[in-house]
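Source file: query_16.txt; contents: compact mmCIF, C-alpha atoms.
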```txt
# COMPACT_ATOMS: atom_id res chain seq x y z
CA MET A 170 85.89 101.55 157.37
CA ALA A 171 85.64 97.80 157.77
CA ALA A 172 87.70 95.59 155.47
CA GLY A 173 84.55 94.02 154.02
CA ALA A 174 83.24 97.46 153.03
CA LEU A 175 86.19 98.32 150.77
CA PRO A 176 85.21 98.95 147.17
CA PHE A 177 85.85 96.21 144.62
CA VAL A 178 88.57 98.26 142.87
CA SER A 179 90.80 97.98 145.92
CA LYS A 180 91.28 94.28 145.22
CA ALA A 181 94.92 93.23 145.63
CA GLN A 182 96.93 93.46 142.44
CA THR A 183 99.44 90.96 141.12
CA THR A 184 102.81 92.39 142.20
CA ASN A 185 104.58 89.10 142.59
CA PRO A 186 107.85 89.17 140.56
CA GLU A 187 107.42 85.46 139.80
CA SER A 188 104.11 86.18 138.06
CA PHE A 189 105.86 88.73 135.83
CA GLU A 190 108.59 86.19 135.04
CA ILE A 191 105.98 83.57 134.11
CA GLN A 192 104.24 86.08 131.81
CA VAL A 193 107.55 87.08 130.17
CA LYS A 194 108.51 83.44 129.57
CA ASN A 195 105.09 82.80 128.02
CA GLY A 196 105.56 85.87 125.80
CA ARG A 197 108.95 84.57 124.68
CA ARG A 198 107.34 81.25 123.73
CA LEU A 199 104.56 82.99 121.78
CA VAL A 200 107.03 85.18 119.87
CA ASN A 201 109.28 82.23 119.02
CA GLU A 202 106.27 80.27 117.70
CA TRP A 203 105.26 83.08 115.29
CA LYS A 204 105.40 82.14 111.61
CA HIS A 205 103.81 84.14 108.82
CA LEU A 206 103.52 83.39 105.09
CA THR A 207 103.54 86.16 102.49
CA GLN A 208 103.17 86.17 98.73
CA ASP A 209 105.02 88.82 96.70
CA LYS A 210 103.97 90.55 93.45
CA GLU A 211 105.59 87.80 91.37
CA GLY A 212 103.52 85.14 93.16
CA LEU A 213 106.42 83.68 95.18
CA TRP A 214 105.76 82.50 98.73
CA GLN A 215 108.01 83.25 101.71
CA LYS A 216 107.87 82.28 105.39
CA ASN A 217 108.76 84.90 108.02
CA PHE A 218 110.06 83.95 111.48
CA LEU A 219 110.54 85.72 114.82
CA PHE A 220 113.20 84.71 117.35
CA VAL A 221 113.80 86.28 120.77
CA SER A 222 117.56 86.83 120.73
CA ASN A 223 118.14 88.80 123.94
CA ILE A 224 115.90 89.40 126.93
CA LYS A 225 116.22 91.18 130.29
CA TYR A 226 113.38 91.78 132.73
CA ASP A 227 112.77 92.84 136.31
CA VAL A 228 110.13 94.15 138.68
CA VAL A 229 111.12 97.45 140.28
CA LYS A 230 109.64 99.43 143.16
CA THR A 231 108.76 103.02 142.27
CA ALA A 232 108.16 106.12 144.37
CA SER A 233 104.62 106.40 142.99
CA ALA A 234 101.66 105.59 145.22
CA LEU A 235 99.56 104.89 142.10
CA ARG A 236 102.07 102.43 140.63
CA PRO A 237 104.30 101.12 143.40
CA PHE A 238 105.69 98.36 141.15
CA ILE A 239 106.48 98.25 137.43
CA GLY A 240 107.63 95.34 135.32
CA ILE A 241 110.43 96.28 132.94
CA LEU A 242 111.25 94.25 129.84
CA GLU A 243 114.07 94.83 127.37
CA VAL A 244 113.93 92.41 124.47
CA SER A 245 115.57 92.02 121.07
CA VAL A 246 113.72 90.06 118.43
CA LEU A 247 115.24 88.82 115.18
CA LYS A 248 112.82 88.93 112.25
CA ALA A 249 113.96 86.69 109.42
CA ALA A 250 112.55 85.58 106.08
CA GLY A 251 112.90 82.16 104.48
CA ILE A 252 113.86 81.37 100.91
CA LYS A 253 111.17 82.24 98.34
CA HIS A 254 109.24 79.35 96.79
CA LEU A 255 106.80 78.80 93.94
CA THR A 256 104.22 77.12 96.20
CA ARG A 257 102.77 77.88 99.59
CA ILE A 258 103.44 74.32 100.79
CA GLU A 259 107.17 74.59 100.00
CA ALA A 260 107.32 77.92 101.88
CA GLU A 261 105.49 76.44 104.89
CA ASN A 262 108.12 73.70 105.16
CA GLU A 263 111.08 76.09 104.83
CA VAL A 264 113.59 76.36 107.68
CA GLU A 265 116.46 78.22 105.95
CA ILE A 266 116.86 82.01 106.06
CA GLU A 267 117.25 83.65 102.64
CA ASP A 268 120.60 85.16 101.70
CA ALA A 269 120.31 88.90 101.10
CA PRO A 270 123.75 90.34 100.28
CA ARG A 271 122.57 93.98 100.41
CA VAL A 272 121.26 93.62 103.97
CA PRO A 273 123.75 94.07 106.87
CA GLY A 274 124.84 90.60 107.97
CA GLY A 275 124.16 89.12 104.52
CA LYS A 276 120.85 87.50 105.50
CA ASN A 277 117.28 88.62 104.99
CA ALA A 278 116.93 89.42 108.69
CA PHE A 279 116.91 92.40 111.02
CA VAL A 280 116.60 93.11 114.75
CA LEU A 281 113.65 94.75 116.47
CA GLU A 282 114.41 96.14 119.94
CA TYR A 283 111.77 96.85 122.57
CA ASP A 284 111.88 98.67 125.90
CA LEU A 285 108.53 97.91 127.56
CA LYS A 286 106.89 98.67 130.89
CA PHE A 287 104.02 96.79 132.49
CA GLU A 288 101.83 97.48 135.49
CA PRO A 289 100.29 94.84 137.73
CA ARG A 290 96.56 94.23 137.49
CA SER A 291 94.38 91.58 139.07
CA SER A 292 94.41 89.62 135.79
CA GLY A 293 98.18 89.85 135.19
CA TRP A 294 100.77 92.38 134.06
CA GLN A 295 99.28 94.89 131.59
CA PHE A 296 101.24 96.90 129.01
CA LEU A 297 101.76 100.45 130.30
CA GLU A 298 104.14 102.08 127.82
CA GLY A 299 107.05 101.30 125.59
CA LYS A 300 109.29 102.18 122.71
CA SER A 301 110.94 100.30 119.88
CA ARG A 302 113.57 100.62 117.20
CA THR A 303 114.86 98.53 114.33
CA SER A 304 118.30 97.84 112.89
CA LEU A 305 116.98 98.62 109.38
CA PHE A 306 116.37 102.31 109.94
CA ASP A 307 118.06 105.20 111.72
CA ASP A 308 118.12 103.52 115.14
CA THR A 309 115.66 106.10 116.52
CA TRP A 310 113.46 104.94 119.39
CA LYS A 311 109.74 105.36 118.66
CA ASN A 312 106.93 105.28 121.21
CA ILE A 313 104.53 102.37 120.92
CA PRO A 314 100.91 103.55 120.85
CA LEU A 315 98.65 101.88 123.39
CA GLU A 316 96.18 101.11 120.59
CA LEU A 317 98.83 98.99 118.82
CA ALA A 318 99.41 96.95 121.96
CA ARG A 319 95.68 96.43 122.43
CA SER A 320 95.00 95.47 118.81
CA GLY A 321 98.03 93.21 118.37
CA GLU A 322 98.22 94.25 114.69
CA GLY A 323 101.43 93.91 112.72
CA VAL A 324 104.68 92.40 113.93
CA SER A 325 105.26 94.97 116.69
CA GLY A 326 101.68 94.69 117.87
CA TYR A 327 102.00 90.91 118.01
CA ILE A 328 105.27 91.09 119.97
CA VAL A 329 103.92 93.56 122.54
CA ARG A 330 100.65 91.63 122.85
CA SER A 331 102.57 88.35 123.35
CA PHE A 332 104.36 89.75 126.39
CA ALA A 333 101.16 91.39 127.68
CA THR A 334 99.20 88.12 127.63
CA PRO A 335 98.41 87.05 131.21
CA VAL A 336 99.11 83.46 132.21
CA SER A 337 96.83 81.69 134.65
CA THR A 338 98.75 80.15 137.52
CA LYS A 339 95.65 78.50 138.97
CA LYS A 340 95.36 74.75 138.68
CA LYS A 341 92.70 73.74 136.21
CA ASN A 342 89.84 71.61 137.41
CA ASN A 343 89.25 69.16 134.60
CA SER A 344 85.74 67.84 135.12
CA ARG A 345 86.16 65.34 132.27
CA ILE A 346 88.59 63.23 134.25
CA ARG A 347 86.67 60.68 136.24
CA THR A 348 87.91 58.17 138.69
CA PRO A 349 86.72 54.66 138.00
CA SER A 350 83.91 53.61 140.26
CA LYS A 351 84.29 50.54 142.39
CA THR A 352 82.48 47.53 141.06
CA GLN A 353 81.11 44.74 143.15
CA THR A 354 82.12 41.20 142.35
```
Can the structure in the file be given as structure tokens, please?
Amino acid sequence: MAAGALPFVSKAQTTNPESFEIQVKNGRRLVNEWKHLTQDKEGLWQKNFLFVSNIKYDVVKTASALRPFIGILEVSVLKAAGIKHLTRIEAENEVEIEDAPRVPGGKNAFVLEYDLKFEPRSSGWQFLEGKSRTSLFDDTWKNIPLELARSGEGVSGYIVRSFATPVSTKKKNNSRIRTPSKTQT
């Protein structure tokens, strides 16, 4: 079979470890930028933050012909809540984490741990499977449903989706930039 006659699905996939690293770094940035405001039953406003606190990643060769390479990501994310305020504007401007003496560590914060796997696709590294656990509960690892990763709902969905967001490495052609034309004098 001639090379030109190969089906479209045989298109080369992104297996470059640098492309996985770029995608992971972009995911870290997206997670660290996450801020969410909530209002409790008493009408008080509170800002929630996410911070990547520990991250390890690699691209490994497998024995599988279907998936010869897999991107592996182990990440710990700190979820913290700011001090409660009477107004939304005060909560938006908050940078302090609320003291919570009954929570381990004395702050209104906990750690979410993720063990994620990605497979290379032509558009970038796509979420394949993963599991998570939290420091608040019994430390049991739970599988992450593929639907959650696709929807991006909730904190875990947002975190997985952030790391599964492809990053274009192509240079952008900005047609709005024009070089000044030469004028005759």
Of the candidates A:Arg330, A:Lys194, A:Lys216, A:Lys210, which one gets nearest to Glu263 of chain A if we count only C-alpha atoms? A:Lys216
For a test of reading the model, state the distance in Å between atom CA of Ser292 of chain A and atom CA of Val329 of chain A, rounded to one decimal. 16.8 Å
Who sits within 9 Å of segment 189-193 of chain A, only C-alpha atoms, same chain under 5 positions skipped, as a list in words: Thr183, Thr184, Arg198, Tyr226, Asp227, Val228, Gly240, Leu242, Phe287, Pro289, Gly293, Trp294, Ser331, Phe332, Ala333, Thr334, Pro335, Val336 and Thr338 of chain A
Pick from A:Lys225, A:Ala234, A:Leu255, A:Trp203 nearest to Gly323 of chain A, counting all atoms listed in the file: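 Going through A:Lys225, A:Ala234, A:Leu255, A:Trp203 one by one, the smallest distance to Gly323 of chain A is for A:Trp203.
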Give me, as a ChimeraX atom specification, all polymer residues having an atom no more than 12 Å from Phe306 of chain A, counting all atoms listed in the file and skipping those fewer than 2 positions away in the same chain. /A:272-273,279-282,301-304,308-311
Place N, CA and C atoms on segment 289-300 of chain A and deliver the coordinates as a compact mmCIF listing (two decimals), in the coordinates of the input.
```
# COMPACT_ATOMS: atom_id res chain seq x y z
N PRO A 289 101.06 95.99 137.24
CA PRO A 289 100.29 94.84 137.73
C PRO A 289 98.81 95.15 137.79
N ARG A 290 98.02 94.19 137.39
CA ARG A 290 96.56 94.23 137.49
C ARG A 290 96.11 92.90 138.09
N SER A 291 94.87 92.83 138.47
CA SER A 291 94.38 91.58 139.07
C SER A 291 94.44 90.41 138.09
N SER A 292 94.38 90.70 136.78
CA SER A 292 94.41 89.62 135.79
C SER A 292 95.81 89.29 135.29
N GLY A 293 96.81 90.08 135.66
CA GLY A 293 98.18 89.85 135.19
C GLY A 293 98.87 91.19 134.97
N TRP A 294 100.00 91.16 134.32
CA TRP A 294 100.77 92.38 134.06
C TRP A 294 100.32 92.98 132.73
N GLN A 295 99.85 94.22 132.76
CA GLN A 295 99.28 94.89 131.59
C GLN A 295 100.29 95.89 131.02
N PHE A 296 100.35 95.96 129.68
CA PHE A 296 101.24 96.90 129.01
C PHE A 296 100.90 98.32 129.44
N LEU A 297 101.93 99.07 129.84
CA LEU A 297 101.76 100.45 130.30
C LEU A 297 102.28 101.42 129.26
N GLU A 298 103.52 101.22 128.84
CA GLU A 298 104.14 102.08 127.82
C GLU A 298 105.38 101.39 127.28
N GLY A 299 105.86 101.89 126.16
CA GLY A 299 107.05 101.30 125.59
C GLY A 299 107.53 102.03 124.36
N LYS A 300 108.71 101.62 123.93
CA LYS A 300 109.29 102.18 122.71
C LYS A 300 110.03 101.07 121.99
```
